[in-house]
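Asks: So here's start_31.txt (compact mmCIF, C-alpha atoms).
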```
# COMPACT_ATOMS: atom_id res chain seq x y z
CA MET C 1 0.00 0.00 0.00
CA ALA C 2 3.01 2.30 0.27
CA GLY C 3 3.28 4.99 -2.34
CA PRO C 4 3.20 8.73 -2.94
CA GLY C 5 -0.10 10.24 -1.96
CA PHE C 6 -2.37 10.91 0.97
CA ALA C 7 -4.18 8.65 3.43
CA VAL C 8 -7.36 10.34 4.66
CA ILE C 9 -8.53 8.91 7.98
CA ASP C 10 -11.56 9.27 10.19
CA PHE C 11 -12.26 7.68 13.58
CA GLU C 12 -15.47 7.26 15.50
CA THR C 13 -14.64 6.99 19.18
CA THR C 14 -16.20 6.28 22.56
CA GLY C 15 -15.36 9.79 23.74
CA LEU C 16 -13.05 12.73 23.30
CA SER C 17 -9.75 11.77 24.92
CA PRO C 18 -7.54 8.69 24.66
CA ALA C 19 -5.95 9.85 27.89
CA HIS C 20 -9.25 9.00 29.62
CA ASN C 21 -9.32 5.50 28.13
CA ASP C 22 -11.57 6.50 25.24
CA ARG C 23 -11.14 4.12 22.32
CA VAL C 24 -11.60 3.92 18.56
CA ILE C 25 -14.74 2.00 17.59
CA GLU C 26 -14.77 2.61 13.83
CA LEU C 27 -12.18 3.74 11.33
CA ALA C 28 -11.98 4.46 7.64
CA VAL C 29 -9.07 5.16 5.30
CA VAL C 30 -9.28 6.70 1.83
CA HIS C 31 -6.23 6.86 -0.43
CA VAL C 32 -5.82 9.98 -2.56
CA SER C 33 -3.07 10.26 -5.17
CA ASP C 34 -0.53 13.07 -5.24
CA ARG C 35 -2.71 14.71 -7.91
CA GLY C 36 -5.95 14.44 -5.94
CA ARG C 37 -7.49 11.29 -7.45
CA ILE C 38 -9.27 8.94 -5.04
CA GLU C 39 -7.61 5.52 -5.32
CA GLY C 40 -9.09 3.24 -2.67
CA ARG C 41 -11.35 3.00 0.41
CA TRP C 42 -11.25 0.79 3.51
CA GLU C 43 -13.38 0.73 6.66
CA THR C 44 -14.02 -1.39 9.72
CA LEU C 45 -15.76 -1.41 13.05
CA VAL C 46 -13.43 -1.95 16.00
CA ASN C 47 -14.22 -3.84 19.20
CA PRO C 48 -12.93 -1.62 22.04
CA ARG C 49 -13.78 -4.20 24.72
CA ARG C 50 -15.52 -1.50 26.75
CA ASP C 51 -18.76 0.49 26.55
CA LEU C 52 -19.34 2.52 23.40
CA GLY C 53 -19.84 5.96 24.91
CA ARG C 54 -22.41 8.32 23.39
CA GLN C 55 -24.18 5.94 21.05
CA ALA C 56 -26.72 8.58 20.01
CA ILE C 57 -23.89 10.39 18.19
CA HIS C 58 -22.26 7.58 16.23
CA GLY C 59 -25.19 5.13 16.09
CA ILE C 60 -23.07 2.05 16.79
CA ARG C 61 -24.57 -0.65 19.04
CA ALA C 62 -22.70 -3.13 21.18
CA ALA C 63 -24.12 -5.91 18.98
CA ASP C 64 -22.48 -4.28 15.94
CA VAL C 65 -18.95 -4.66 17.34
CA LEU C 66 -19.20 -8.09 18.97
CA ASP C 67 -17.56 -9.81 16.00
CA ALA C 68 -15.44 -6.83 14.92
CA PRO C 69 -11.63 -7.04 15.23
CA THR C 70 -9.75 -5.23 17.96
CA PHE C 71 -7.52 -2.32 17.03
CA ALA C 72 -4.46 -4.42 17.79
CA ALA C 73 -5.65 -7.03 15.28
CA ILE C 74 -6.04 -4.57 12.40
CA ALA C 75 -3.12 -2.28 13.32
CA PRO C 76 -0.62 -3.99 10.93
CA GLN C 77 -2.94 -3.47 7.97
CA LEU C 78 -3.66 0.09 9.02
CA ILE C 79 0.06 0.84 9.23
CA GLU C 80 0.52 -0.43 5.67
CA LEU C 81 -2.31 1.83 4.51
CA LEU C 82 -0.55 4.82 6.09
CA ARG C 83 3.04 3.99 5.17
CA GLY C 84 4.67 6.51 2.87
CA ARG C 85 1.60 8.74 2.77
CA VAL C 86 0.60 12.10 4.25
CA VAL C 87 -2.06 11.47 6.89
CA VAL C 88 -5.04 13.78 6.38
CA ALA C 89 -8.12 14.35 8.52
CA HIS C 90 -10.68 17.03 9.27
CA ASN C 91 -9.57 18.24 12.70
CA ALA C 92 -6.42 16.16 12.32
CA SER C 93 -5.16 16.79 15.84
CA PHE C 94 -8.15 14.84 17.21
CA ASP C 95 -7.74 11.79 14.95
CA ILE C 96 -3.96 11.67 15.23
CA ARG C 97 -4.11 11.72 19.04
CA PHE C 98 -6.30 8.61 18.89
CA LEU C 99 -4.14 7.01 16.18
CA LEU C 100 -0.97 7.39 18.24
CA ALA C 101 -2.62 6.22 21.46
CA GLU C 102 -4.13 3.12 19.84
CA LEU C 103 -0.88 2.20 18.07
CA SER C 104 1.04 2.57 21.33
CA ARG C 105 -1.51 0.45 23.18
CA ALA C 106 -1.09 -2.21 20.47
CA GLY C 107 2.70 -2.17 20.88
CA HIS C 108 3.63 -0.24 17.72
CA VAL C 109 5.99 2.73 17.69
CA ALA C 110 4.72 5.41 15.33
CA PRO C 111 7.04 7.91 13.60
CA ALA C 112 8.40 10.60 15.90
CA GLU C 113 6.28 13.07 13.94
CA VAL C 114 3.42 11.95 11.73
CA VAL C 115 3.44 13.99 8.52
CA SER C 116 -0.11 15.28 8.39
CA LEU C 117 -2.50 17.88 7.02
CA CYS C 118 -5.80 19.15 8.40
CA THR C 119 -8.58 20.04 5.98
CA MET C 120 -10.23 22.09 8.73
CA GLN C 121 -7.16 24.31 9.07
CA LEU C 122 -6.60 24.42 5.28
CA ALA C 123 -10.14 25.76 4.84
CA ARG C 124 -8.83 29.12 6.02
CA ASP C 125 -6.84 29.35 2.77
CA PHE C 126 -9.07 27.46 0.33
CA LEU C 127 -12.53 28.31 1.71
CA PRO C 128 -12.15 31.72 3.34
CA GLY C 129 -15.28 32.64 5.22
CA ALA C 130 -16.55 29.06 5.50
CA GLY C 131 -17.23 27.56 8.92
CA ARG C 132 -14.86 25.10 10.53
CA SER C 133 -17.05 22.00 10.52
CA LEU C 134 -16.81 19.29 7.87
CA ALA C 135 -20.47 19.86 7.03
CA ASP C 136 -19.92 23.55 6.37
CA CYS C 137 -16.81 22.99 4.23
CA CYS C 138 -18.62 20.31 2.23
CA ALA C 139 -21.65 22.57 1.73
CA ALA C 140 -19.41 25.20 0.14
CA LEU C 141 -18.43 22.63 -2.51
CA ASP C 142 -21.69 20.63 -2.70
CA ILE C 143 -19.93 17.52 -1.41
CA ASP C 144 -22.44 14.98 -0.14
CA LEU C 145 -22.23 14.27 3.59
CA GLY C 146 -25.31 12.12 4.04
CA GLY C 147 -24.80 9.85 7.04
CA ALA C 148 -22.28 12.00 8.89
CA HIS C 149 -20.71 10.54 12.06
CA ARG C 150 -19.98 7.37 10.15
CA ALA C 151 -16.25 6.94 9.56
CA SER C 152 -16.57 5.87 5.91
CA VAL C 153 -18.83 8.83 5.06
CA ASP C 154 -16.71 11.43 6.84
CA ALA C 155 -13.43 10.07 5.45
CA PHE C 156 -14.74 9.97 1.87
CA ALA C 157 -16.12 13.52 2.16
CA THR C 158 -12.79 14.70 3.60
CA ALA C 159 -10.97 13.02 0.70
CA GLN C 160 -13.16 14.89 -1.78
CA LEU C 161 -12.48 18.10 0.13
CA LEU C 162 -8.73 17.44 -0.10
CA SER C 163 -9.05 16.76 -3.84
CA ALA C 164 -10.81 20.10 -4.28
CA TYR C 165 -8.03 21.87 -2.38
CA ILE C 166 -5.35 20.23 -4.55
CA GLU C 167 -7.20 21.21 -7.72
CA ALA C 168 -7.63 24.80 -6.54
CA ALA C 169 -3.98 25.27 -5.48
CA ASP C 170 -1.95 27.62 -7.66
CA ALA C 171 1.30 25.69 -7.18
CA PRO C 172 2.08 22.10 -6.17
CA GLU C 173 5.10 22.87 -3.99
CA PHE C 174 3.11 22.86 -0.75
CA TRP C 175 1.74 19.38 -1.39
CA PHE C 176 5.04 17.97 -2.68
CA ALA C 177 6.89 19.16 0.43
CA HIS C 178 4.55 17.09 2.60
CA LEU C 179 4.61 14.13 0.22
CA ASN C 180 8.41 14.08 0.21
CA ALA C 181 8.54 14.21 4.01
CA ALA C 182 5.99 11.39 4.30
CA ALA C 183 7.93 9.21 1.86
CA VAL C 184 10.90 8.99 4.26
CA SER C 185 8.87 8.83 7.48
CA ARG C 186 9.71 5.63 9.38
CA TRP C 187 6.67 3.57 10.27
CA PRO C 188 7.00 0.25 12.15
CA ALA C 189 8.06 -2.79 10.14
CA GLY C 190 5.12 -4.47 8.44
CA GLU C 191 3.62 -7.65 9.79
CA ALA C 192 1.62 -10.28 7.97
CA SER C 193 -2.03 -10.11 8.98
CA SER C 194 -5.11 -11.62 7.43
CA VAL C 195 -7.66 -10.42 9.97
CA PRO C 196 -10.76 -9.42 8.00
CA TRP C 197 -12.08 -5.92 8.42
CA CYS C 198 -15.73 -5.60 9.37
CA ALA C 199 -17.58 -2.73 7.69
CA ARG C 200 -20.65 -1.35 9.39
CA THR C 201 -23.99 -2.45 8.00
CA VAL C 202 -27.11 -0.30 8.20
CA SER C 203 -27.72 -0.15 11.92
CA SER C 204 -31.14 -0.81 13.40
CA HIS C 205 -30.21 1.56 16.19
CA PRO C 206 -31.87 4.85 15.22
CA MET C 207 -29.84 8.01 15.33
CA THR C 208 -31.48 10.75 17.35
CA ALA C 209 -32.75 13.72 15.44
CA ASP C 210 -30.21 16.50 15.12
CA SER C 211 -30.53 18.91 17.99
CA PHE C 212 -30.74 22.62 17.36
CA LEU C 213 -27.18 22.90 18.62
CA GLU C 214 -25.83 20.22 16.28
CA CYS C 215 -27.51 21.87 13.29
CA ILE C 216 -26.32 25.33 14.21
CA THR C 217 -22.71 24.41 14.97
CA THR C 218 -22.27 23.27 11.37
CA ARG C 219 -22.61 26.94 10.47
CA LEU C 220 -20.38 28.52 13.09
CA PRO C 221 -17.86 30.81 11.37
CA ASP C 222 -14.12 30.43 11.59
CA VAL C 223 -12.44 32.45 14.30
CA ALA C 224 -9.60 34.90 13.85
CA GLY C 225 -6.38 33.92 15.53
CA PRO C 226 -3.86 31.09 15.63
CA ALA C 227 -4.62 27.59 14.41
CA GLU C 228 -4.75 26.46 18.05
CA TYR C 229 -7.95 28.44 18.52
CA VAL C 230 -9.66 26.45 15.76
CA ASP C 231 -8.53 23.14 17.29
CA TYR C 232 -9.87 24.14 20.70
CA LEU C 233 -13.25 25.28 19.32
CA ALA C 234 -13.57 22.10 17.25
CA LEU C 235 -13.26 20.03 20.44
CA LEU C 236 -15.75 22.36 22.14
CA ASP C 237 -18.20 21.65 19.30
CA ARG C 238 -17.87 17.92 19.96
CA CYS C 239 -18.27 18.34 23.71
CA LEU C 240 -21.47 20.33 23.43
CA LEU C 241 -23.29 18.30 20.76
CA ASP C 242 -25.56 16.69 23.36
CA ARG C 243 -25.83 19.90 25.43
CA ALA C 244 -24.04 18.27 28.33
CA LEU C 245 -20.49 18.52 29.57
CA SER C 246 -19.25 15.49 31.47
CA ALA C 247 -16.32 15.63 33.84
CA HIS C 248 -14.21 13.74 31.29
CA GLU C 249 -15.17 16.17 28.53
CA ALA C 250 -14.30 19.15 30.71
CA GLN C 251 -10.97 17.53 31.56
CA SER C 252 -10.35 16.90 27.85
CA LEU C 253 -10.84 20.60 27.14
CA VAL C 254 -8.49 21.56 29.97
CA ARG C 255 -5.90 19.07 28.77
CA LEU C 256 -6.11 20.28 25.15
CA ALA C 257 -5.87 23.91 26.24
CA GLY C 258 -2.70 23.03 28.13
CA ASP C 259 -1.28 21.12 25.16
CA LEU C 260 -2.02 24.09 22.88
CA GLY C 261 -0.57 26.63 25.33
CA LEU C 262 -3.91 28.40 25.89
CA GLY C 263 -4.26 30.04 29.28
CA PRO C 264 -7.49 30.94 31.12
CA GLY C 265 -7.74 34.34 29.43
CA PRO C 266 -7.71 33.09 25.83
CA CYS C 267 -10.05 30.22 26.72
CA GLU C 268 -12.58 32.55 28.31
CA SER C 269 -12.38 34.85 25.29
CA LEU C 270 -12.95 31.89 22.96
CA HIS C 271 -15.97 30.80 25.01
CA ARG C 272 -17.47 34.28 24.71
CA GLN C 273 -16.81 34.40 20.95
CA TYR C 274 -18.32 30.94 20.57
CA TYR C 275 -21.44 31.97 22.45
CA ALA C 276 -21.80 35.23 20.53
CA ALA C 277 -21.58 33.36 17.21
CA LEU C 278 -24.07 30.77 18.43
CA THR C 279 -26.65 33.37 19.46
CA ALA C 280 -26.18 35.31 16.20
CA LEU C 281 -26.94 32.17 14.19
CA ALA C 282 -29.96 31.38 16.34
CA TRP C 283 -31.35 34.83 15.52
CA SER C 284 -30.36 34.66 11.82
CA ASP C 285 -33.92 33.79 10.73
CA GLY C 286 -35.33 36.65 12.79
CA ILE C 287 -37.03 34.28 15.26
CA LEU C 288 -35.83 32.76 18.51
CA THR C 289 -38.05 29.84 19.51
CA GLY C 290 -38.52 28.68 23.06
CA ALA C 291 -36.45 25.56 22.33
CA GLU C 292 -33.63 27.63 20.85
CA LEU C 293 -33.67 29.97 23.83
CA ALA C 294 -33.52 27.04 26.25
CA ASP C 295 -30.61 25.55 24.33
CA LEU C 296 -28.69 28.82 24.30
CA VAL C 297 -29.19 29.35 28.01
CA SER C 298 -28.03 25.78 28.61
CA VAL C 299 -24.88 26.31 26.53
CA GLY C 300 -24.15 29.58 28.28
CA MET C 301 -24.35 27.86 31.65
CA LEU C 302 -22.12 25.01 30.45
CA LEU C 303 -19.55 27.58 29.35
CA ALA C 304 -19.72 29.08 32.86
CA LEU C 305 -20.81 32.46 31.54
CA PRO C 306 -22.48 34.77 34.08
CA THR C 307 -26.26 34.91 33.72
CA ASP C 308 -26.21 38.64 33.06
CA THR C 309 -23.68 38.06 30.28
CA ILE C 310 -25.96 35.44 28.72
CA ALA C 311 -28.98 37.76 28.89
CA ALA C 312 -27.04 40.73 27.54
CA SER C 313 -25.60 38.67 24.69
CA LEU C 314 -29.02 37.41 23.64
CA ASP C 315 -30.51 40.90 23.68
CA GLU C 316 -27.56 42.51 21.90
CA THR C 317 -27.48 39.82 19.24
CA ARG C 318 -31.21 40.20 18.59
CA GLN C 319 -30.78 43.94 18.05
CA GLN C 320 -27.79 43.54 15.72
CA THR C 321 -29.00 40.57 13.68
CA PRO C 322 -29.82 41.53 10.08
CA ALA C 323 -32.91 40.34 8.27
CA PRO C 324 -32.97 36.65 7.33
CA ALA C 325 -30.88 35.73 4.30
CA THR C 326 -32.87 35.65 1.07
CA ALA C 327 -31.93 35.43 -2.56
CA VAL C 328 -30.17 38.60 -3.73
CA SER C 329 -31.19 40.01 -7.07
CA ALA C 330 -28.58 40.76 -9.71
CA GLY C 331 -30.36 43.99 -10.55
CA ALA C 332 -29.58 46.94 -12.77
CA GLY C 333 -26.61 48.01 -10.68
CA PHE C 334 -24.95 44.61 -10.86
CA ALA C 335 -22.14 43.96 -13.34
CA LEU C 336 -19.62 41.20 -13.92
CA LEU C 337 -16.04 42.37 -14.41
CA ALA C 338 -13.00 40.57 -15.75
CA GLY C 339 -11.53 38.33 -13.09
CA ASP C 340 -14.76 37.91 -11.09
CA LEU C 341 -15.32 34.48 -9.56
CA VAL C 342 -18.43 32.61 -10.74
CA VAL C 343 -19.69 29.31 -9.27
CA LEU C 344 -21.99 26.82 -11.01
CA THR C 345 -24.43 24.44 -9.33
CA GLY C 346 -26.99 21.95 -10.64
CA GLU C 347 -27.51 20.24 -13.99
CA MET C 348 -27.46 22.93 -16.70
CA SER C 349 -28.65 22.66 -20.29
CA ARG C 350 -25.01 22.56 -21.37
CA THR C 351 -22.11 20.62 -19.92
CA ARG C 352 -20.19 22.05 -17.01
CA SER C 353 -16.95 22.04 -19.03
CA ASP C 354 -18.57 24.05 -21.85
CA LEU C 355 -19.93 26.62 -19.44
CA GLU C 356 -16.59 26.95 -17.65
CA ARG C 357 -14.78 27.41 -20.96
CA GLU C 358 -17.21 30.14 -21.98
CA LEU C 359 -16.78 31.85 -18.63
CA ARG C 360 -13.03 31.92 -19.19
CA ASP C 361 -13.51 33.26 -22.72
CA ALA C 362 -15.59 36.07 -21.20
CA GLY C 363 -12.74 36.92 -18.83
CA LEU C 364 -14.44 35.40 -15.77
CA VAL C 365 -13.04 32.77 -13.40
CA PRO C 366 -15.00 29.54 -12.84
CA TRP C 367 -14.74 28.66 -9.14
CA ARG C 368 -15.67 25.48 -7.29
CA ALA C 369 -16.55 26.75 -3.83
CA VAL C 370 -18.88 29.46 -2.60
CA THR C 371 -16.83 31.83 -0.47
CA LYS C 372 -17.20 35.52 0.30
CA LYS C 373 -14.93 36.32 -2.67
CA VAL C 374 -17.39 34.87 -5.19
CA LYS C 375 -19.32 37.41 -7.27
CA LEU C 376 -22.14 35.24 -8.65
CA LEU C 377 -23.72 31.79 -8.30
CA VAL C 378 -25.32 30.32 -11.43
CA ALA C 379 -27.90 27.63 -10.67
CA ALA C 380 -30.04 25.41 -12.83
CA ASP C 381 -32.82 26.55 -10.49
CA PRO C 382 -32.25 29.87 -8.64
CA ASP C 383 -34.40 28.51 -5.79
CA SER C 384 -31.96 25.61 -5.39
CA LEU C 385 -31.59 24.12 -1.92
CA SER C 386 -28.00 22.98 -2.55
CA GLY C 387 -25.23 23.70 -0.08
CA LYS C 388 -23.75 26.22 -2.51
CA ALA C 389 -27.06 28.05 -2.80
CA ARG C 390 -27.45 28.17 0.98
CA LYS C 391 -23.96 29.61 1.30
CA ALA C 392 -24.63 32.19 -1.39
CA ARG C 393 -27.74 33.38 0.41
CA ASP C 394 -25.85 33.56 3.70
CA TYR C 395 -23.18 35.73 2.06
CA GLY C 396 -25.58 37.89 0.02
CA ILE C 397 -24.24 36.58 -3.31
CA PRO C 398 -26.73 36.87 -6.21
CA ILE C 399 -28.10 33.61 -7.66
CA VAL C 400 -29.15 33.57 -11.32
CA ASP C 401 -30.01 31.03 -14.01
CA GLU C 402 -28.20 30.38 -17.31
CA ALA C 403 -30.17 32.96 -19.24
CA ALA C 404 -29.32 35.69 -16.75
CA LEU C 405 -25.67 34.66 -16.83
CA ALA C 406 -25.64 35.09 -20.60
CA ARG C 407 -27.00 38.63 -20.24
CA LEU C 408 -24.57 39.55 -17.48
CA ALA C 409 -21.49 38.06 -19.16
CA GLY C 410 -22.04 39.98 -22.38
CA ALA C 411 -21.55 39.25 -26.07
CA ARG C 412 -18.43 37.09 -25.57
CA PHE C 413 -20.54 34.49 -23.75
CA ALA C 414 -21.93 31.90 -26.16
CA GLY C 415 -25.38 32.00 -24.57
CA ALA C 416 -25.77 35.76 -25.08
```
Is it possible to give me this structure as structure tokens?
Replies:
Amino acid sequence: MAGPGFAVIDFETTGLSPAHNDRVIELAVVHVSDRGRIEGRWETLVNPRRDLGRQAIHGIRAADVLDAPTFAAIAPQLIELLRGRVVVAHNASFDIRFLLAELSRAGHVAPAEVVSLCTMQLARDFLPGAGRSLADCCAALDIDLGGAHRASVDAFATAQLLSAYIEAADAPEFWFAHLNAAAVSRWPAGEASSVPWCARTVSSHPMTADSFLECITTRLPDVAGPAEYVDYLALLDRCLLDRALSAHEAQSLVRLAGDLGLGPGPCESLHRQYYAALTALAWSDGILTGAELADLVSVGMLLALPTDTIAASLDETRQQTPAPATAVSAGAGFALLAGDLVVLTGEMSRTRSDLERELRDAGLVPWRAVTKKVKLLVAADPDSLSGKARKARDYGIPIVDEAALARLAGARFAGA
């Protein structure tokens, strides 16, 4: 399995911290070539020989893992899947902590430094203005994430996200530097192993409906500041998904803050920013329901914010929140200029490659992702419910159909 390229990984776990004896219960690996082509996919459930933690999140039952291999049993095959490749994950610090802990527990010595990339951190460069969650990054590119919190789904979506980043990069040097470092990274010697992997079947254990908080945290914006801030907030997202904060989860946050060098002051500031963003999103449709209010008060209390701060934040956010996002018209004052970024979504009357070529001929730049830098979204149906359309409405980007694009692009566009 060794070779130049990337190994995208995703773990479902019993909890948030391997230091608290949390274990991997499902893993998936997707190989991506050095040019961004998806080459192979592997997945398995893992028997942790302990309870499965918050089953409502990952949907895995004890019966599902009874016949699954232990991590130690599949570790040799996993090592071969990672050997010579850059390890990639969304929120890579989380997955790599579990990877190293599980390998150590199984008696394997990982490289002194795993050559890795994080699609969550890279979104700052490739998807400026997008939120930090995998769901938000995927929405910007219309990457399907149906069945999230399943390792195979999340890993495959992350692999597609990585491929989009590679395609969008102006120069390959960044990727090649990591690929070259990974090629000489020393993983443990391979061992023969024929233990079959055990992919998850459709579980009869129903996933709980997404809570308001889980839905809204997929749209939380990125935060200004060092990469460590994003890592800390990503763990905070995970901790608060069920609107509870166990002692172990609180300890995991404290431990991560220490590992990242974040003192009490920066952590408190991040909690306040997190809460302000959460309340702003709750008010974004102009309505705050009783359930949303109860959730926000609960989160504020979990973050140890003073009650008067919670009340003031809710009131201030309500006053400052703009009207709900709606489709923006490309009216008489709107014009496309040379170099403007234009995104396409949906099945058009002509092929995507033809439309992109005509955009280039008109001096415009076809773009894959909806970010704040995009000037126009062209949709087969301007009322589209796609992730790109939702993003465009959030950012106030006009959405038009093919005919309107032809008018706006001028005589050089074939449809004009």
Asks: Using only C-alpha atoms, which residues sit within 10 Å of Ser194 of chain C once same-chain residues fewer than 6 positions away are excluded, as a VMD selection string?
Replies: chain C and resid 73 to 74 76 to 77
Asks: Between atom CA of Val297 of chain C and atom CA of Leu314 of chain C, what is the distance, to one decimal in Å?
Replies: 9.2 Å
Asks: Go ahead and compute the interatomic distance for atom CA of Ala164 of chain C and atom CA of Glu39 of chain C, in Å to one decimal.
Replies: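 Straight-line distance from atom CA of Ala164 of chain C to atom CA of Glu39 of chain C works out to 15.0 Å.
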Asks: Using all atoms listed in the file, which of C:Val32, C:Leu161, C:Leu260, C:Ile9 sits nearest Ile96 of chain C?
Replies: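 Counting all atoms listed in the file, the residue closest to Ile96 of chain C is C:Ile9.
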Asks: How many Å lie between atom CA of Thr158 of chain C and atom CA of Ala130 of chain C, rounded to one decimal?
Replies: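 About the pair atom CA of Thr158 of chain C and atom CA of Ala130 of chain C: they are 15.0 Å apart.
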Asks: Mind giving me the axis-aligned box for segment 22-33 of chain C with 3 Å on every side, centre plus edges in Å to one decimal, as JSON?
Replies:
```
{"center_x": -8.9, "center_y": 6.1, "center_z": 10.0, "size_x": 17.7, "size_y": 14.3, "size_z": 36.4}
```
Asks: I want to know what sits within 12 Å of Leu81 of chain C, based on all atoms listed in the file, with residues of the same chain fewer than 5 positions away left out; could you give that as a JSON list (two decimals) with C-alpha atoms, keeping the file's coordinate frame?
Replies:
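Generated output (around.json):
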```
[["chain", "number", "residue", "atom", "x", "y", "z"],
["C", 1, "MET", "CA", 0.00, 0.00, 0.00],
["C", 2, "ALA", "CA", 3.01, 2.30, 0.27],
["C", 3, "GLY", "CA", 3.28, 4.99, -2.34],
["C", 4, "PRO", "CA", 3.20, 8.73, -2.94],
["C", 5, "GLY", "CA", -0.10, 10.24, -1.96],
["C", 6, "PHE", "CA", -2.37, 10.91, 0.97],
["C", 7, "ALA", "CA", -4.18, 8.65, 3.43],
["C", 8, "VAL", "CA", -7.36, 10.34, 4.66],
["C", 9, "ILE", "CA", -8.53, 8.91, 7.98],
["C", 28, "ALA", "CA", -11.98, 4.46, 7.64],
["C", 29, "VAL", "CA", -9.07, 5.16, 5.30],
["C", 30, "VAL", "CA", -9.28, 6.70, 1.83],
["C", 31, "HIS", "CA", -6.23, 6.86, -0.43],
["C", 32, "VAL", "CA", -5.82, 9.98, -2.56],
["C", 39, "GLU", "CA", -7.61, 5.52, -5.32],
["C", 40, "GLY", "CA", -9.09, 3.24, -2.67],
["C", 41, "ARG", "CA", -11.35, 3.00, 0.41],
["C", 42, "TRP", "CA", -11.25, 0.79, 3.51],
["C", 43, "GLU", "CA", -13.38, 0.73, 6.66],
["C", 74, "ILE", "CA", -6.04, -4.57, 12.40],
["C", 75, "ALA", "CA", -3.12, -2.28, 13.32],
["C", 76, "PRO", "CA", -0.62, -3.99, 10.93],
["C", 86, "VAL", "CA", 0.60, 12.10, 4.25],
["C", 87, "VAL", "CA", -2.06, 11.47, 6.89],
["C", 187, "TRP", "CA", 6.67, 3.57, 10.27],
["C", 190, "GLY", "CA", 5.12, -4.47, 8.44]]
```
Asks: Neighbours of segment 231-240 of chain C within 9 Å (all atoms listed in the file; same-chain residues fewer than 4 positions away dropped), as a count of residues only?
Replies: 31
Asks: So that I can check the surroundings of Leu99 of chain C, please list as a ChimeraX atom specification every protein, DNA and RNA residue that reaches within 12 Å of it, counting all atoms listed in the file and ignoring chain neighbours fewer than 5 positions away.
Replies: /C:9-13,17-18,22-28,71-72,75,78-79,82,87-89,92-94,104-106,108-111,114
Asks: Give the answer as one residue: which of C:Arg368, C:Lys391, C:His20, C:His90 has the shortest atom-to-atom distance to Ile166 of chain C, using all atoms listed in the file?
Replies: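 For Ile166 of chain C, the nearest of the given residues is C:Arg368.
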Asks: Do you know which residues are at most 6 Å from Val378 of chain C counting all atoms listed in the file, after dropping those on the same chain fewer than 4 positions away, and could you put them as a ChimeraX atom specification?
Replies: /C:344,399-401
Asks: Looking at C:Leu66, C:Val195, C:Leu100, C:Val370, which one is nearest to Asp394 of chain C, with distances taken over all atoms listed in the file?
Replies: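 Result for the nearest residue to Asp394 of chain C: C:Val370.
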Asks: Which residue gives the smallest distance to Val343 of chain C among C:Ala140, C:Ser269, C:Asp295, C:His248, with only C-alpha atoms counted?
Replies: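 Going through C:Ala140, C:Ser269, C:Asp295, C:His248 one by one, the smallest distance to Val343 of chain C is for C:Ala140.
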Asks: Determine, counting all atoms listed in the file, every residue of protein, DNA or RNA that lies within 12 Å of (-6.3, 29.5, 5.1) in the file coordinates, then give the result as a list in words.
Replies: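 Those within range, by chain then number, are Cys118, Thr119, Met120, Gln121, Leu122, Ala123, Arg124, Asp125, Phe126, Leu127, Pro128, Gly129, Ala130, Gly131, Arg132, Tyr165, Ala169, Asp222, Val223, Ala224, Gly225, Pro226, Ala227 and Val230 of chain C.
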